[in-house]
Amino acid sequence: MKYQVVIGLEVHTQLTTNTKIFCGCSTKFGSEPNSQTCPVCLGFPGALPVLNRQVVEYAIRAGLATNCSITQRNVFARKNYFYPDLPKGYQISQFDLPICQHGHLDIEVEGETKRIGITRIHMEEDAGKLVHADLSEVGDDSCVDLNRACTPLLEIVSEPDMRSPDEAIAYLKKLYQIVMYLGICDGNLEEGSFRCDANVSLMPVGSTVFGTRAELKNINSFKFIKQAIEYEIERQAEILDDGGKVIQETRLFDPNTGTTRSMRGKEEAHDYRYFPDPDLVPVLIADQWIEDVRAELPELPEAKRARYVAELGLPEYDAEVLASSRELAQYYEETVALFPQAKIVSNWVMGEVARALNEDNNRSITDCPVTPALLADLLKLMEKGTISGKIAKTVFDEMYKTGKAPEKIVEEKGLVQVSDTGAIEAMVDEVLNNNPGQVEQYRGGKETVFGFFVGQVMRASKGKANPAVVNELLLKKLKA
Ligand SMILES: [Zn+2]
């Protein structure tokens, strides 16, 4: 490859406010079309927008969590264009004074840390949604649903700092984790709550002058973003190889073919005739407000991961997995608080708990029938030697199915571990008597047969024999 790819990303994050950004209509997804509208979001002449304070607070949260400076005097601007899903003929957005600027995120790709600049974060309203004729329910017509019009968005614009599709995905996943941790986005990719435009261009390796970029519009899955960028690199490389010129344009990604196609020529900012919205006064943000928001920020994934390694002694990998979502981290921390053996709890959460939820239609951790308290009880039974590790897994499955306490399951099913030397000795004797060939092999120096004896005794005890006692007795008898 003789070209270097240059990628910049613009992410639209839908905020989890109950009401829209400039009116009191609900933001609930999936309601009857046009049932959540009023004169303001329908763009009736003379209707006046009133800013939702929560949107500003969420924007400050996002800015602080991505190392931005917060603009204390904010102005909303009208971005003028015509489209049937935009009744006012303009979108209220921010232009030269966005609420957050000059931030960054650190990403890790193949063990290397890289800093990606965040140019700006601004607040804006979403447009409505067109429903086209190819959907049978609306016959031959195209319809417009304005429930989404005026829904609050943050647009998070990165610097063109990414140099591979993998870096782009690492940045997006990191940003996604952060908005989820902050509780400002529901993260629902299918419903478009977190969607991305990618600016992609190529330049000769070693060059510092960026090539002409294409903008890939509105992609709402990590997989598709990667595919779209990969396709775009190939497409542009072919054009350049043939001595052609890439034209600046907006392109759409088609997930069915894995290709992009031209949608329209790319507009420049001046095409939109931005000007300050005369219906909205400037928003002044006091220092105290910023400090209040900062004080209430949750511990973010990076800090959490570092703390798990430094304070709990977890391996990097465990820390990364457990800190990947706020809910998972909370489950883990609650369990560790009750059973303070960090690595054992980590093994169980990443192992049995994750497996059970996964097999149960990707059920959410917040809805796990085995609560942190129940899991801690189970681990305590194992630690006391009441049950073996193997039996604990059986008990866990039963807890998951029934929600019962582990003590109760152990009692009902008679799963208490047998540590009584007499009982185990009888089983050991029987196994040794029944397998004289293997005994001879062992005594002849083939020590690997030992595992076979352990297995036989455990089987005879239906998994209930205390493995430590089994090992000890077997050794004693075999060496005798
Ligand atoms: Zn409304």
# chains A, B, ... in the order shown; residues from 1 in each chain; ligands from 1
$ residues_near_ligand --ligand "ligand 1" --cutoff "12 Å" --atoms "only C-alpha atoms and all ligand atoms" --output "PyMOL selection string"
chain A and resi 19-27+34-44+47-52+125+128+146-152
$ write_last_selection --atoms "N, CA, C and O atoms" --output "CSV table (one decimal), in the first residue's frame"
chain,number,residue,atom,x,y,z
A,19,THR,N,-37.4,14.7,27.8
A,19,THR,CA,-38.0,15.6,26.8
A,19,THR,C,-37.0,16.2,25.8
A,19,THR,O,-35.8,16.1,26.0
A,20,LYS,N,-37.6,16.8,24.7
A,20,LYS,CA,-36.8,17.2,23.6
A,20,LYS,C,-35.9,18.5,24.0
A,20,LYS,O,-36.1,19.0,25.1
A,21,ILE,N,-35.0,18.9,23.1
A,21,ILE,CA,-34.1,20.0,23.5
A,21,ILE,C,-34.8,21.3,23.6
A,21,ILE,O,-34.4,22.2,24.4
A,22,PHE,N,-35.8,21.6,22.8
A,22,PHE,CA,-36.4,23.0,22.8
A,22,PHE,C,-37.9,23.0,23.1
A,22,PHE,O,-38.6,24.0,22.9
A,23,CYS,N,-38.5,21.8,23.5
A,23,CYS,CA,-39.9,21.8,23.9
A,23,CYS,C,-40.1,20.6,24.9
A,23,CYS,O,-39.2,19.9,25.2
A,24,GLY,N,-41.3,20.5,25.4
A,24,GLY,CA,-41.6,19.5,26.4
A,24,GLY,C,-42.1,18.2,25.9
A,24,GLY,O,-42.5,17.3,26.7
A,25,CYS,N,-42.0,17.9,24.6
A,25,CYS,CA,-42.5,16.7,24.0
A,25,CYS,C,-41.5,15.5,24.5
A,25,CYS,O,-40.3,15.7,24.6
A,26,SER,N,-42.2,14.3,24.6
A,26,SER,CA,-41.4,13.2,25.0
A,26,SER,C,-40.4,12.7,23.9
A,26,SER,O,-40.7,12.9,22.7
A,27,THR,N,-39.3,12.1,24.3
A,27,THR,CA,-38.3,11.6,23.4
A,27,THR,C,-38.4,10.1,23.2
A,27,THR,O,-37.6,9.5,22.6
A,34,ASN,N,-45.8,10.9,14.7
A,34,ASN,CA,-46.2,12.3,15.0
A,34,ASN,C,-47.1,12.5,16.2
A,34,ASN,O,-47.8,13.5,16.4
A,35,SER,N,-47.0,11.5,17.1
A,35,SER,CA,-47.8,11.6,18.4
A,35,SER,C,-47.0,12.4,19.4
A,35,SER,O,-47.6,12.9,20.4
A,36,GLN,N,-45.7,12.6,19.2
A,36,GLN,CA,-44.9,13.4,20.2
A,36,GLN,C,-44.4,14.7,19.6
A,36,GLN,O,-43.2,14.8,19.3
A,37,THR,N,-45.4,15.5,19.3
A,37,THR,CA,-45.0,16.8,18.6
A,37,THR,C,-45.9,17.9,19.1
A,37,THR,O,-46.9,17.7,19.8
A,38,CYS,N,-45.4,19.1,18.9
A,38,CYS,CA,-46.1,20.3,19.3
A,38,CYS,C,-45.7,21.5,18.3
A,38,CYS,O,-44.9,21.2,17.5
A,39,PRO,N,-46.3,22.6,18.5
A,39,PRO,CA,-45.9,23.7,17.5
A,39,PRO,C,-44.4,24.0,17.4
A,39,PRO,O,-43.9,24.4,16.4
A,40,VAL,N,-43.7,23.8,18.5
A,40,VAL,CA,-42.3,24.1,18.5
A,40,VAL,C,-41.5,23.1,17.6
A,40,VAL,O,-40.8,23.5,16.6
A,41,CYS,N,-41.7,21.8,17.8
A,41,CYS,CA,-40.9,20.9,17.1
A,41,CYS,C,-41.5,20.6,15.7
A,41,CYS,O,-40.9,20.0,14.8
A,42,LEU,N,-42.8,21.1,15.4
A,42,LEU,CA,-43.3,21.0,14.1
A,42,LEU,C,-42.9,22.3,13.3
A,42,LEU,O,-43.3,22.4,12.1
A,43,GLY,N,-42.3,23.2,14.0
A,43,GLY,CA,-41.8,24.4,13.2
A,43,GLY,C,-42.8,25.4,12.8
A,43,GLY,O,-42.7,26.1,11.8
A,44,PHE,N,-43.9,25.5,13.6
A,44,PHE,CA,-44.9,26.5,13.3
A,44,PHE,C,-44.4,27.9,13.4
A,44,PHE,O,-43.6,28.2,14.4
A,47,ALA,N,-43.8,30.0,17.0
A,47,ALA,CA,-43.5,29.1,18.2
A,47,ALA,C,-42.1,29.3,18.6
A,47,ALA,O,-41.2,29.4,17.8
A,48,LEU,N,-41.9,29.5,19.9
A,48,LEU,CA,-40.6,29.8,20.5
A,48,LEU,C,-39.9,28.6,21.2
A,48,LEU,O,-40.5,28.0,22.1
A,49,PRO,N,-38.7,28.4,20.9
A,49,PRO,CA,-37.9,27.3,21.5
A,49,PRO,C,-37.5,27.7,23.0
A,49,PRO,O,-37.2,28.9,23.2
A,50,VAL,N,-37.5,26.7,23.9
A,50,VAL,CA,-37.0,27.0,25.2
A,50,VAL,C,-36.0,25.9,25.5
A,50,VAL,O,-36.3,24.7,25.4
A,51,LEU,N,-34.8,26.2,25.9
A,51,LEU,CA,-33.7,25.3,26.0
A,51,LEU,C,-33.9,24.3,27.2
A,51,LEU,O,-34.2,24.8,28.3
A,52,ASN,N,-33.7,23.0,27.1
A,52,ASN,CA,-33.7,22.0,28.1
A,52,ASN,C,-32.4,22.1,28.9
A,52,ASN,O,-31.3,21.8,28.3
A,125,GLU,N,-30.3,19.9,17.6
A,125,GLU,CA,-31.5,19.1,17.6
A,125,GLU,C,-31.5,18.2,16.4
A,125,GLU,O,-30.8,18.4,15.4
A,128,GLY,N,-36.5,15.1,11.7
A,128,GLY,CA,-37.5,14.0,11.7
A,128,GLY,C,-37.0,12.9,10.9
A,128,GLY,O,-35.8,12.8,10.6
A,146,LEU,N,-42.4,13.1,12.6
A,146,LEU,CA,-41.6,14.2,13.3
A,146,LEU,C,-41.4,14.0,14.8
A,146,LEU,O,-41.0,14.9,15.5
A,147,ASN,N,-41.7,12.7,15.3
A,147,ASN,CA,-41.4,12.4,16.7
A,147,ASN,C,-40.0,12.7,17.0
A,147,ASN,O,-39.7,13.1,18.2
A,148,ARG,N,-39.1,12.4,16.1
A,148,ARG,CA,-37.7,12.5,16.4
A,148,ARG,C,-37.2,14.0,16.3
A,148,ARG,O,-36.1,14.3,16.7
A,149,ALA,N,-38.0,14.8,15.6
A,149,ALA,CA,-37.6,16.2,15.4
A,149,ALA,C,-37.4,16.9,16.7
A,149,ALA,O,-38.2,16.8,17.6
A,150,CYS,N,-36.2,17.6,16.9
A,150,CYS,CA,-36.0,18.3,18.1
A,150,CYS,C,-35.5,17.4,19.3
A,150,CYS,O,-35.4,17.9,20.4
A,151,THR,N,-35.2,16.2,19.0
A,151,THR,CA,-34.5,15.3,20.0
A,151,THR,C,-33.1,15.8,20.2
A,151,THR,O,-32.4,16.1,19.2
A,152,PRO,N,-32.6,15.9,21.4
A,152,PRO,CA,-31.3,16.4,21.7
A,152,PRO,C,-30.2,15.5,21.2
A,152,PRO,O,-30.2,14.3,21.5
$ residues_around --residues "region 86-100 of chain A" --least-positions-apart "6" --cutoff "6 Å" --atoms "only C-alpha atoms" --output "list in words"
Gly43, Gly63, Cys68, Ser69, Ile70, Thr71, Asn74, Phe76, Ala77, Arg78, Lys79, Asn80, Arg120, Ile121, His122, Glu124, Glu125 and Ala127 of chain A
$ closest_residue --among "A:Arg326, A:Lys413, A:Lys384, A:Lys343" --to "Gly183 (chain A)" --atoms "only C-alpha atoms"
A:Arg326
$ select_by_dssp --residues "region 222-457 of chain A" --states "alpha helix (DSSP H)" --output "MDAnalysis selection string"
chainID A and resid 222:241 287:295 301:312 316:322 326:338 342:348 354:359 372:383 389:402 406:413 421:434 436:443 450:457
$ residues_around --residues "region 200-212 of chain A" --least-positions-apart "5" --cutoff "8 Å" --atoms "only C-alpha atoms" --output "ChimeraX atom specification"
/A:2-8,229,232-233,236-237,246-248
$ write_last_selection --atoms "N, CA, C and O atoms" --output "mmCIF file, in the first residue's frame"
data_model
loop_
_atom_site.group_PDB
_atom_site.id
_atom_site.type_symbol
_atom_site.label_atom_id
_atom_site.label_comp_id
_atom_site.auth_asym_id
_atom_site.auth_seq_id
_atom_site.Cartn_x
_atom_site.Cartn_y
_atom_site.Cartn_z
ATOM 1 N N LYS A 2 0.749 2.042 -1.026
ATOM 2 C CA LYS A 2 1.597 3.241 -1.081
ATOM 3 C C LYS A 2 0.893 4.484 -0.553
ATOM 4 O O LYS A 2 1.419 5.587 -0.616
ATOM 5 N N TYR A 3 -0.332 4.289 -0.023
ATOM 6 C CA TYR A 3 -1.082 5.423 0.525
ATOM 7 C C TYR A 3 -1.251 5.305 2.040
ATOM 8 O O TYR A 3 -1.330 4.203 2.584
ATOM 9 N N GLN A 4 -1.333 6.475 2.648
ATOM 10 C CA GLN A 4 -1.648 6.539 4.075
ATOM 11 C C GLN A 4 -3.092 7.013 4.204
ATOM 12 O O GLN A 4 -3.455 8.042 3.637
ATOM 13 N N VAL A 5 -3.903 6.253 4.964
ATOM 14 C CA VAL A 5 -5.296 6.681 5.145
ATOM 15 C C VAL A 5 -5.377 7.691 6.293
ATOM 16 O O VAL A 5 -4.637 7.586 7.279
ATOM 17 N N VAL A 6 -6.237 8.660 6.145
ATOM 18 C CA VAL A 6 -6.469 9.677 7.182
ATOM 19 C C VAL A 6 -7.960 9.656 7.512
ATOM 20 O O VAL A 6 -8.794 9.786 6.614
ATOM 21 N N ILE A 7 -8.283 9.459 8.786
ATOM 22 C CA ILE A 7 -9.699 9.322 9.169
ATOM 23 C C ILE A 7 -10.047 10.312 10.275
ATOM 24 O O ILE A 7 -9.327 10.424 11.276
ATOM 25 N N GLY A 8 -11.141 11.019 10.094
ATOM 26 C CA GLY A 8 -11.712 11.850 11.156
ATOM 27 C C GLY A 8 -13.158 11.408 11.354
ATOM 28 O O GLY A 8 -13.817 11.015 10.391
ATOM 29 N N ILE A 229 -15.079 1.947 5.870
ATOM 30 C CA ILE A 229 -13.769 2.604 5.732
ATOM 31 C C ILE A 229 -12.847 1.752 4.856
ATOM 32 O O ILE A 229 -12.155 2.254 3.973
ATOM 33 N N GLU A 232 -13.807 2.130 1.307
ATOM 34 C CA GLU A 232 -13.477 3.469 0.837
ATOM 35 C C GLU A 232 -11.974 3.598 0.541
ATOM 36 O O GLU A 232 -11.580 4.251 -0.426
ATOM 37 N N ILE A 233 -11.138 2.959 1.356
ATOM 38 C CA ILE A 233 -9.689 2.989 1.109
ATOM 39 C C ILE A 233 -9.391 2.351 -0.253
ATOM 40 O O ILE A 233 -8.653 2.894 -1.073
ATOM 41 N N GLN A 236 -10.751 4.620 -3.205
ATOM 42 C CA GLN A 236 -9.937 5.816 -3.467
ATOM 43 C C GLN A 236 -8.558 5.449 -4.013
ATOM 44 O O GLN A 236 -8.018 6.147 -4.873
ATOM 45 N N ALA A 237 -7.990 4.328 -3.507
ATOM 46 C CA ALA A 237 -6.668 3.908 -3.985
ATOM 47 C C ALA A 237 -6.733 3.591 -5.478
ATOM 48 O O ALA A 237 -5.831 3.956 -6.242
ATOM 49 N N VAL A 246 -9.984 12.081 -6.441
ATOM 50 C CA VAL A 246 -11.118 11.782 -5.575
ATOM 51 C C VAL A 246 -11.941 13.064 -5.465
ATOM 52 O O VAL A 246 -11.362 14.132 -5.285
ATOM 53 N N ILE A 247 -13.267 12.949 -5.605
ATOM 54 C CA ILE A 247 -14.049 14.175 -5.446
ATOM 55 C C ILE A 247 -14.627 14.247 -4.036
ATOM 56 O O ILE A 247 -14.962 13.225 -3.423
ATOM 57 N N GLN A 248 -14.738 15.464 -3.532
ATOM 58 C CA GLN A 248 -15.299 15.651 -2.193
ATOM 59 C C GLN A 248 -16.809 15.477 -2.267
ATOM 60 O O GLN A 248 -17.495 16.201 -2.983
#
$ residues_around --residues "region 468-475 of chain A" --least-positions-apart "2" --cutoff "10 Å" --atoms "only C-alpha atoms" --output "list of chain:residue names"
A:Ser388, A:Val418, A:Ser419, A:Asp420, A:Thr421, A:Ile424, A:Glu425, A:Met427, A:Val428, A:Asp429, A:Val431, A:Leu432, A:Phe450, A:Gly451, A:Phe453, A:Val454, A:Gly455, A:Val457, A:Met458, A:Ala465, A:Asn466, A:Lys477, A:Leu478, A:Lys479, A:Ala480
$ write_last_selection --atoms "N, CA, C and O atoms" --output "mmCIF file, in the first residue's frame"
data_model
loop_
_atom_site.group_PDB
_atom_site.id
_atom_site.type_symbol
_atom_site.label_atom_id
_atom_site.label_comp_id
_atom_site.auth_asym_id
_atom_site.auth_seq_id
_atom_site.Cartn_x
_atom_site.Cartn_y
_atom_site.Cartn_z
ATOM 1 N N SER A 388 -16.984 -28.490 46.596
ATOM 2 C CA SER A 388 -15.781 -28.374 45.762
ATOM 3 C C SER A 388 -16.040 -27.353 44.660
ATOM 4 O O SER A 388 -17.187 -26.959 44.405
ATOM 5 N N VAL A 418 -17.524 -34.333 50.715
ATOM 6 C CA VAL A 418 -17.118 -35.352 51.674
ATOM 7 C C VAL A 418 -15.649 -35.161 52.003
ATOM 8 O O VAL A 418 -14.795 -35.283 51.126
ATOM 9 N N SER A 419 -15.367 -34.815 53.269
ATOM 10 C CA SER A 419 -13.967 -34.654 53.672
ATOM 11 C C SER A 419 -13.595 -35.727 54.690
ATOM 12 O O SER A 419 -12.461 -35.807 55.150
ATOM 13 N N ASP A 420 -14.585 -36.552 55.022
ATOM 14 C CA ASP A 420 -14.397 -37.611 56.004
ATOM 15 C C ASP A 420 -13.397 -38.640 55.451
ATOM 16 O O ASP A 420 -13.658 -39.320 54.459
ATOM 17 N N THR A 421 -12.237 -38.721 56.115
ATOM 18 C CA THR A 421 -11.150 -39.555 55.609
ATOM 19 C C THR A 421 -11.570 -41.015 55.451
ATOM 20 O O THR A 421 -11.234 -41.664 54.466
ATOM 21 N N ILE A 424 -13.638 -41.600 52.290
ATOM 22 C CA ILE A 424 -12.836 -41.448 51.060
ATOM 23 C C ILE A 424 -11.845 -42.589 50.931
ATOM 24 O O ILE A 424 -11.610 -43.127 49.850
ATOM 25 N N GLU A 425 -11.311 -43.011 52.077
ATOM 26 C CA GLU A 425 -10.318 -44.092 52.045
ATOM 27 C C GLU A 425 -10.919 -45.355 51.430
ATOM 28 O O GLU A 425 -10.291 -46.050 50.635
ATOM 29 N N MET A 427 -13.237 -45.526 49.229
ATOM 30 C CA MET A 427 -13.346 -45.350 47.773
ATOM 31 C C MET A 427 -11.985 -45.495 47.110
ATOM 32 O O MET A 427 -11.845 -46.095 46.048
ATOM 33 N N VAL A 428 -10.956 -44.945 47.769
ATOM 34 C CA VAL A 428 -9.587 -45.041 47.226
ATOM 35 C C VAL A 428 -9.176 -46.504 47.125
ATOM 36 O O VAL A 428 -8.690 -46.960 46.079
ATOM 37 N N ASP A 429 -9.437 -47.237 48.193
ATOM 38 C CA ASP A 429 -9.075 -48.670 48.189
ATOM 39 C C ASP A 429 -9.752 -49.392 47.045
ATOM 40 O O ASP A 429 -9.131 -50.197 46.344
ATOM 41 N N VAL A 431 -10.905 -48.213 44.196
ATOM 42 C CA VAL A 431 -10.351 -47.828 42.887
ATOM 43 C C VAL A 431 -9.014 -48.530 42.657
ATOM 44 O O VAL A 431 -8.754 -49.061 41.572
ATOM 45 N N LEU A 432 -8.160 -48.569 43.681
ATOM 46 C CA LEU A 432 -6.841 -49.196 43.512
ATOM 47 C C LEU A 432 -6.981 -50.697 43.277
ATOM 48 O O LEU A 432 -6.294 -51.268 42.428
ATOM 49 N N PHE A 450 -1.507 -40.890 37.792
ATOM 50 C CA PHE A 450 -2.094 -40.372 39.030
ATOM 51 C C PHE A 450 -3.426 -39.663 38.791
ATOM 52 O O PHE A 450 -4.401 -39.872 39.507
ATOM 53 N N GLY A 451 -3.467 -38.854 37.733
ATOM 54 C CA GLY A 451 -4.690 -38.118 37.395
ATOM 55 C C GLY A 451 -5.859 -39.065 37.152
ATOM 56 O O GLY A 451 -7.013 -38.747 37.494
ATOM 57 N N PHE A 453 -6.380 -41.951 38.640
ATOM 58 C CA PHE A 453 -6.922 -42.393 39.943
ATOM 59 C C PHE A 453 -7.795 -41.311 40.574
ATOM 60 O O PHE A 453 -8.878 -41.586 41.078
ATOM 61 N N VAL A 454 -7.306 -40.075 40.515
ATOM 62 C CA VAL A 454 -8.086 -38.967 41.096
ATOM 63 C C VAL A 454 -9.453 -38.915 40.442
ATOM 64 O O VAL A 454 -10.497 -38.843 41.106
ATOM 65 N N GLY A 455 -9.449 -39.006 39.111
ATOM 66 C CA GLY A 455 -10.702 -38.957 38.363
ATOM 67 C C GLY A 455 -11.655 -40.065 38.767
ATOM 68 O O GLY A 455 -12.862 -39.833 38.972
ATOM 69 N N VAL A 457 -11.778 -41.739 41.645
ATOM 70 C CA VAL A 457 -12.299 -41.544 43.000
ATOM 71 C C VAL A 457 -13.372 -40.446 43.003
ATOM 72 O O VAL A 457 -14.428 -40.601 43.617
ATOM 73 N N MET A 458 -13.091 -39.365 42.267
ATOM 74 C CA MET A 458 -14.070 -38.268 42.213
ATOM 75 C C MET A 458 -15.368 -38.779 41.603
ATOM 76 O O MET A 458 -16.461 -38.421 42.046
ATOM 77 N N ALA A 465 -16.194 -35.739 46.777
ATOM 78 C CA ALA A 465 -15.026 -35.939 47.633
ATOM 79 C C ALA A 465 -14.135 -34.700 47.616
ATOM 80 O O ALA A 465 -13.983 -34.059 46.579
ATOM 81 N N ASN A 466 -13.600 -34.360 48.762
ATOM 82 C CA ASN A 466 -12.678 -33.231 48.858
ATOM 83 C C ASN A 466 -11.393 -33.595 48.112
ATOM 84 O O ASN A 466 -10.683 -34.517 48.508
ATOM 85 N N LYS A 477 -1.218 -44.240 49.772
ATOM 86 C CA LYS A 477 -1.395 -45.669 49.455
ATOM 87 C C LYS A 477 -0.487 -46.120 48.326
ATOM 88 O O LYS A 477 0.038 -47.237 48.337
ATOM 89 N N LEU A 478 -0.306 -45.266 47.311
ATOM 90 C CA LEU A 478 0.500 -45.655 46.158
ATOM 91 C C LEU A 478 1.985 -45.736 46.508
ATOM 92 O O LEU A 478 2.718 -46.554 45.992
ATOM 93 N N LYS A 479 2.419 -44.877 47.410
ATOM 94 C CA LYS A 479 3.829 -44.868 47.798
ATOM 95 C C LYS A 479 4.119 -45.965 48.833
ATOM 96 O O LYS A 479 5.270 -46.239 49.112
ATOM 97 N N ALA A 480 3.052 -46.488 49.411
ATOM 98 C CA ALA A 480 3.238 -47.468 50.496
ATOM 99 C C ALA A 480 3.919 -48.741 49.980
ATOM 100 O O ALA A 480 3.721 -49.146 48.852
#
$ closest_residue --among "A:Glu359, A:Glu334, A:Asp377, A:Glu302" --to "Ala319 (chain A)" --atoms "only C-alpha atoms"
A:Glu302
$ residues_around --residues "Trp289 (chain A)" --least-positions-apart "2" --cutoff "12 Å" --atoms "only C-alpha atoms" --output "MDAnalysis selection string"
chainID A and resid 53 56:58 60:61 70 72 284:287 291:296
$ residues_around --residues "region 103-109 of chain A" --least-positions-apart "3" --cutoff "8 Å" --atoms "only C-alpha atoms" --output "ChimeraX atom specification"
/A:63,66-69,100,112-120,166-167,170-171,174
$ write_last_selection --atoms "N, CA and C atoms" --output "short mmCIF file (atom, residue, chain, number, x, y, z; two decimals), in the first residue's frame"
data_model
loop_
_atom_site.label_atom_id
_atom_site.label_comp_id
_atom_site.auth_asym_id
_atom_site.auth_seq_id
_atom_site.Cartn_x
_atom_site.Cartn_y
_atom_site.Cartn_z
N GLY A 63 -17.94 16.77 27.83
CA GLY A 63 -16.73 17.56 27.61
C GLY A 63 -15.67 17.28 28.67
N THR A 66 -13.95 13.96 28.25
CA THR A 66 -13.07 13.82 27.10
C THR A 66 -12.01 14.92 27.08
N ASN A 67 -11.72 15.45 28.26
CA ASN A 67 -10.61 16.40 28.43
C ASN A 67 -10.76 17.69 27.63
N CYS A 68 -12.00 18.12 27.43
CA CYS A 68 -12.24 19.36 26.68
C CYS A 68 -12.26 20.55 27.64
N SER A 69 -12.10 21.75 27.07
CA SER A 69 -12.40 22.94 27.86
C SER A 69 -13.85 23.31 27.57
N CYS A 100 -18.01 22.50 23.94
CA CYS A 100 -16.74 21.88 24.37
C CYS A 100 -15.73 21.96 23.22
N GLU A 112 -0.01 -0.22 21.55
CA GLU A 112 0.49 1.15 21.50
C GLU A 112 -0.60 2.13 21.91
N THR A 113 -0.23 3.12 22.72
CA THR A 113 -1.20 4.14 23.10
C THR A 113 -1.07 5.32 22.14
N LYS A 114 -2.21 5.82 21.70
CA LYS A 114 -2.18 6.96 20.78
C LYS A 114 -3.24 7.97 21.20
N ARG A 115 -2.90 9.26 21.13
CA ARG A 115 -3.83 10.31 21.52
C ARG A 115 -4.61 10.81 20.30
N ILE A 116 -5.94 10.79 20.40
CA ILE A 116 -6.79 11.28 19.31
C ILE A 116 -7.43 12.59 19.77
N GLY A 117 -7.23 13.63 19.01
CA GLY A 117 -7.78 14.94 19.37
C GLY A 117 -9.29 15.00 19.16
N ILE A 118 -9.94 15.74 20.05
CA ILE A 118 -11.36 16.03 19.86
C ILE A 118 -11.48 17.52 19.60
N THR A 119 -11.91 17.85 18.41
CA THR A 119 -11.97 19.25 17.99
C THR A 119 -13.03 19.99 18.78
N ARG A 120 -14.24 19.40 18.81
CA ARG A 120 -15.36 20.11 19.41
C ARG A 120 -16.50 19.15 19.73
N ASP A 166 -8.72 0.16 12.30
CA ASP A 166 -8.65 -0.32 13.68
C ASP A 166 -8.58 0.83 14.68
N GLU A 167 -7.82 1.88 14.33
CA GLU A 167 -7.76 3.04 15.22
C GLU A 167 -9.12 3.72 15.31
N ALA A 170 -11.26 1.63 17.61
CA ALA A 170 -10.82 1.76 19.01
C ALA A 170 -11.32 3.07 19.59
N TYR A 171 -11.23 4.14 18.81
CA TYR A 171 -11.70 5.46 19.26
C TYR A 171 -13.21 5.43 19.51
N LYS A 174 -14.17 3.45 22.60
CA LYS A 174 -13.81 4.18 23.80
C LYS A 174 -14.84 5.29 24.08
#
